[in-house]
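Peer 1: Got a structure for you, questions after.
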Amino acid sequence: MKILVVIILGSLSLGIVQADQMLIGTWETGKGERMDVLDGFKPNMGPVIRYSDGEVEGVYTWRIDTTSKELKMRYSSTVYALSDNGLNLLWNNKKWSKSKELETQGIVNLATDANSFIDGLTGHSWSGNSSSVGKMEFTRTFSNTEGVVTRFDQDQSLKSLDSWGIASGVLKIGSQVYLEIRITPQYLIGVDDDDEFLVLNKGESRGEISQTSMLESREQFLAAMTTGAWRRPGGYRPDYIYRFRPIEGDLKGRVFQEGNNRLESTSVWEFSPATGAMKIGYTEYNGGITIDNLLVLVKKDGDQKSYLRDLTVEEKSFNIGDVKTIEISERTASKVMTATARQLSYEDQYTLFEFSEDGRTGYVHEWKSYPFQITGQSLKAEGWGSYEQIYLIEDYIVFGEGRGRKIDLRQSRLRPKSDAEAESDAKQSEQALAELQKGKVSLKIVRTDGSQETISLPIADLGELKSIEVVSE
């Protein structure tokens, strides 16, 4: 068998100390296998991208044992032989032919030219070596050596938002640290302290990046922040959606956090002109910027929180003119009823204000609804549990060992809905919400005795109003 190999490959020699340089390049077999052998940061070691049937199988580490003359890639380790011209390789009982040399011009190392490296890192999009990985973008934020890396899947949906930073010639992406890293004409190649490699494919150049700063252009920053909606990855859950809205004024409002179309939290945000800081809930941020479709806030300790513009939501800019304020009094009870007498929700909890005929009193209901089904020998309810027995004693009912309830004979306003009623009520709520959101123009009258009255005018916005005059009869 060895004699046949020599005849087929011609002049081959066993791997020598410098043979790793001849290994660098793209190798293919006649059966559709391919491997891109890349140069590492140490002799006789580097990353390799393996392909099978045209798809990336994975990124692994190749090593040469100079004693045994073996080339190891993942689980395969055999003696290798290269032809004198470096175009043929015998390894792992297969004949490989070099189909492409890798460019060696224009390589930039972080350790020797940090500025050029960062320009290359942030000036291009990148992609991982997997059919399930989409685009990655590195963006500078509050300094030249730190920023946000945004990852997308193949469908261009947000996958993750992480931080990146450079210090002492080391690149940190999220929690992963790469001790050596370079940019080649085709790849971003880094290695960690376990000799595990990061290999990213260089994509298109990124165009001009627009930016607003909370400290330098407050009005523009707040206008961008309160426009449309923002997204953060939810991990194993659906993404979180954030809507920043002005409420009390242009400098103070609420941020509504939604998950799976449910409101999950509401926090106060407020910008202080005196300190130049933004406070959201109990957290204070001393800096904020918008960069293209990114919103990034930073705390005093340097921790950043980033959001990506949700392009599925209309980029409507909200201001104090979009807020309808109702001062609660007996005179405005009808307006309060119009605003609140509908199904409201927070997480899995529903809230309903039920007004009596006098329009001032009534009941506020709060409840949770979970679907249940009886299957096999158990009753299962999402958010409630699974039970195989129900026990009745006196006026108590017990579900397995977990839940006990009292059969309550008090008067109650609680009534379940049929499927038809639930569907009809949902449509009515949608129509009522659309009516509530319609623009209205009101005329406020202040009398000499200090009393006030607001009269609704039959127009949707001031653009419909040509003139107004007061006629005394």
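Identifiers for the structure tokens are assigned positionally: chains receive A, B, ... in sequence, residues are indexed from 1 per chain, and ligands are indexed from 1 in the order shown.
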Using DSSP on the backbone coordinates, identify all residues within range 60-300 of chain A classified as alpha helix (DSSP H); present the result as a list in words.
Peer 2: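 Those in range 60-300 of chain A that DSSP calls alpha helix (DSSP H) are Ala114, Asn115, Ser116, Phe117, Ile118, Asp119, Gly120, Leu121, Thr122, Gly123, Arg218, Glu219, Gln220, Phe221, Leu222, Ala223, Ala224 and Met225 of chain A.
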Peer 1: When you look at Leu179 in chain A with a cut-off of 12 Å (counting only C-alpha atoms), what residues show up, excluding the ones that are within fewer than 6 positions of it in the same chain? I need them as a ChimeraX atom specification.
Peer 2: /A:41,109-111,166-173,189-198
Peer 1: Find the residues around range 379-394 of chain A up to 12 Å (only C-alpha atoms counted), leave out those fewer than 6 positions away in its own chain, and share them as a ChimeraX atom specification.
Peer 2: /A:348-349,368-373,400-408
Peer 1: Output C-alpha atoms of each residue in that selection to a file, as a PDB file, in the first residue's frame.
Peer 2:
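Once everything was written out, this is selection-v1.pdb:
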```
ATOM      1  CA  ASP A 348     -50.478  36.930  33.190  1.00  0.00           C
ATOM      2  CA  GLN A 349     -52.830  39.024  35.312  1.00  0.00           C
ATOM      3  CA  LYS A 368     -55.423  35.110  35.941  1.00  0.00           C
ATOM      4  CA  SER A 369     -56.509  32.644  33.298  1.00  0.00           C
ATOM      5  CA  TYR A 370     -54.651  29.470  32.342  1.00  0.00           C
ATOM      6  CA  PRO A 371     -55.736  26.875  29.785  1.00  0.00           C
ATOM      7  CA  PHE A 372     -56.262  23.361  31.199  1.00  0.00           C
ATOM      8  CA  GLN A 373     -56.980  19.924  29.807  1.00  0.00           C
ATOM      9  CA  GLY A 400     -53.397  16.683  44.760  1.00  0.00           C
ATOM     10  CA  GLU A 401     -50.950  17.807  47.434  1.00  0.00           C
ATOM     11  CA  GLY A 402     -50.333  21.247  46.005  1.00  0.00           C
ATOM     12  CA  ARG A 403     -53.446  23.411  46.080  1.00  0.00           C
ATOM     13  CA  GLY A 404     -56.446  23.784  48.316  1.00  0.00           C
ATOM     14  CA  ARG A 405     -59.457  25.970  47.634  1.00  0.00           C
ATOM     15  CA  LYS A 406     -62.675  26.852  49.471  1.00  0.00           C
ATOM     16  CA  ILE A 407     -66.038  26.576  47.731  1.00  0.00           C
ATOM     17  CA  ASP A 408     -67.050  30.226  48.180  1.00  0.00           C
TER      18      ASP A 408
END
```
Peer 1: Figure out the distance between CA of Gly253 in chain A and CA of Glu366 in chain A, please, to one decimal in Å.
Peer 2: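 Spanning CA of Glu366 in chain A to CA of Gly253 in chain A is a straight-line distance of 25.8 Å.
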Peer 1: Could you pull out the strand (DSSP E) residues of range 374-442 of chain A, going by DSSP on the backbone, and write them as a list in words?
Peer 2: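 So the strand (DSSP E) residues in range 374-442 of chain A would be Ile374, Thr375, Ser378, Leu379, Lys380, Ala381, Gly385, Ser386, Tyr387, Ile390, Tyr391, Leu392, Ile393, Tyr396, Ile397, Val398, Phe399, Arg403, Gly404, Arg405, Lys406, Val441 and Ser442 of chain A.
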Peer 1: Would you write out those residues with N, CA and C atoms, as an mmCIF file, in the first residue's frame?
Peer 2:
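Result written to again.cif:
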```cif
data_model
loop_
_atom_site.group_PDB
_atom_site.id
_atom_site.type_symbol
_atom_site.label_atom_id
_atom_site.label_comp_id
_atom_site.auth_asym_id
_atom_site.auth_seq_id
_atom_site.Cartn_x
_atom_site.Cartn_y
_atom_site.Cartn_z
ATOM 1 N N ILE A 374 -57.808 17.775 30.493
ATOM 2 C CA ILE A 374 -57.758 16.472 31.161
ATOM 3 C C ILE A 374 -57.318 15.462 30.113
ATOM 4 N N THR A 375 -56.144 14.901 30.329
ATOM 5 C CA THR A 375 -55.567 13.951 29.389
ATOM 6 C C THR A 375 -55.114 12.716 30.155
ATOM 7 N N SER A 378 -54.762 12.608 34.282
ATOM 8 C CA SER A 378 -54.334 13.805 35.000
ATOM 9 C C SER A 378 -55.014 15.040 34.434
ATOM 10 N N LEU A 379 -55.117 16.055 35.278
ATOM 11 C CA LEU A 379 -55.581 17.371 34.877
ATOM 12 C C LEU A 379 -54.358 18.277 34.867
ATOM 13 N N LYS A 380 -54.091 18.880 33.717
ATOM 14 C CA LYS A 380 -52.917 19.730 33.579
ATOM 15 C C LYS A 380 -53.350 21.142 33.231
ATOM 16 N N ALA A 381 -52.799 22.103 33.966
ATOM 17 C CA ALA A 381 -53.095 23.507 33.717
ATOM 18 C C ALA A 381 -51.779 24.263 33.640
ATOM 19 N N GLY A 385 -50.136 23.555 37.301
ATOM 20 C CA GLY A 385 -49.581 22.263 37.685
ATOM 21 C C GLY A 385 -50.348 21.105 37.078
ATOM 22 N N SER A 386 -49.954 19.904 37.495
ATOM 23 C CA SER A 386 -50.576 18.671 37.018
ATOM 24 C C SER A 386 -51.033 17.857 38.220
ATOM 25 N N TYR A 387 -52.288 17.356 38.178
ATOM 26 C CA TYR A 387 -52.872 16.662 39.335
ATOM 27 C C TYR A 387 -53.581 15.389 38.885
ATOM 28 N N ILE A 390 -58.451 14.730 42.858
ATOM 29 C CA ILE A 390 -59.127 15.874 43.471
ATOM 30 C C ILE A 390 -59.904 15.343 44.663
ATOM 31 N N TYR A 391 -59.762 16.007 45.807
ATOM 32 C CA TYR A 391 -60.434 15.575 47.037
ATOM 33 C C TYR A 391 -61.449 16.627 47.455
ATOM 34 N N LEU A 392 -62.624 16.176 47.910
ATOM 35 C CA LEU A 392 -63.673 17.059 48.425
ATOM 36 C C LEU A 392 -63.961 16.693 49.869
ATOM 37 N N ILE A 393 -63.994 17.704 50.738
ATOM 38 C CA ILE A 393 -64.375 17.489 52.130
ATOM 39 C C ILE A 393 -64.952 18.787 52.663
ATOM 40 N N TYR A 396 -64.432 22.325 51.076
ATOM 41 C CA TYR A 396 -63.077 22.487 50.543
ATOM 42 C C TYR A 396 -62.845 21.518 49.393
ATOM 43 N N ILE A 397 -62.039 21.973 48.433
ATOM 44 C CA ILE A 397 -61.611 21.113 47.338
ATOM 45 C C ILE A 397 -60.099 21.165 47.283
ATOM 46 N N VAL A 398 -59.467 19.985 47.169
ATOM 47 C CA VAL A 398 -58.012 19.887 47.213
ATOM 48 C C VAL A 398 -57.528 19.260 45.910
ATOM 49 N N PHE A 399 -56.551 19.913 45.271
ATOM 50 C CA PHE A 399 -55.938 19.413 44.044
ATOM 51 C C PHE A 399 -54.612 18.747 44.412
ATOM 52 N N ARG A 403 -52.557 22.261 45.990
ATOM 53 C CA ARG A 403 -53.446 23.411 46.080
ATOM 54 C C ARG A 403 -54.748 23.044 46.781
ATOM 55 N N GLY A 404 -55.152 23.921 47.656
ATOM 56 C CA GLY A 404 -56.446 23.784 48.316
ATOM 57 C C GLY A 404 -57.282 25.020 48.068
ATOM 58 N N ARG A 405 -58.556 24.844 47.867
ATOM 59 C CA ARG A 405 -59.457 25.970 47.634
ATOM 60 C C ARG A 405 -60.742 25.760 48.424
ATOM 61 N N LYS A 406 -61.398 26.893 48.766
ATOM 62 C CA LYS A 406 -62.675 26.852 49.471
ATOM 63 C C LYS A 406 -63.787 27.112 48.471
ATOM 64 N N VAL A 441 -58.986 67.481 19.545
ATOM 65 C CA VAL A 441 -58.633 68.835 19.937
ATOM 66 C C VAL A 441 -59.712 69.327 20.898
ATOM 67 N N SER A 442 -59.273 69.846 22.035
ATOM 68 C CA SER A 442 -60.217 70.335 23.045
ATOM 69 C C SER A 442 -59.973 71.813 23.298
#
```
Peer 1: Within 12 Å of range 133-139 of chain A, which residues of range 201-292 of chain A come that close, and what is the closest atom pair and distance in Å for each? Count only C-alpha atoms and give it as CSV.
Peer 2:
```
residue,atom,partner,partner_atom,distance
A:Asn201,CA,A:Lys135,CA,9.5
A:Lys202,CA,A:Met136,CA,9.8
A:Gly203,CA,A:Lys135,CA,8.3
A:Glu204,CA,A:Lys135,CA,10.2
A:Ser205,CA,A:Glu137,CA,10.5
A:Arg206,CA,A:Glu137,CA,8.9
A:Glu208,CA,A:Thr139,CA,11.9
A:Ile209,CA,A:Thr139,CA,9.4
A:Ser210,CA,A:Thr139,CA,11.6
A:Gln211,CA,A:Thr139,CA,11.3
A:Ile289,CA,A:Thr139,CA,11.8
A:Thr290,CA,A:Thr139,CA,11.1
A:Ile291,CA,A:Thr139,CA,8.2
A:Asp292,CA,A:Thr139,CA,9.8
```
Peer 1: In Å, how far is it from CA of Arg140 in chain A to CA of Glu314 in chain A?
Peer 2: 26.4 Å
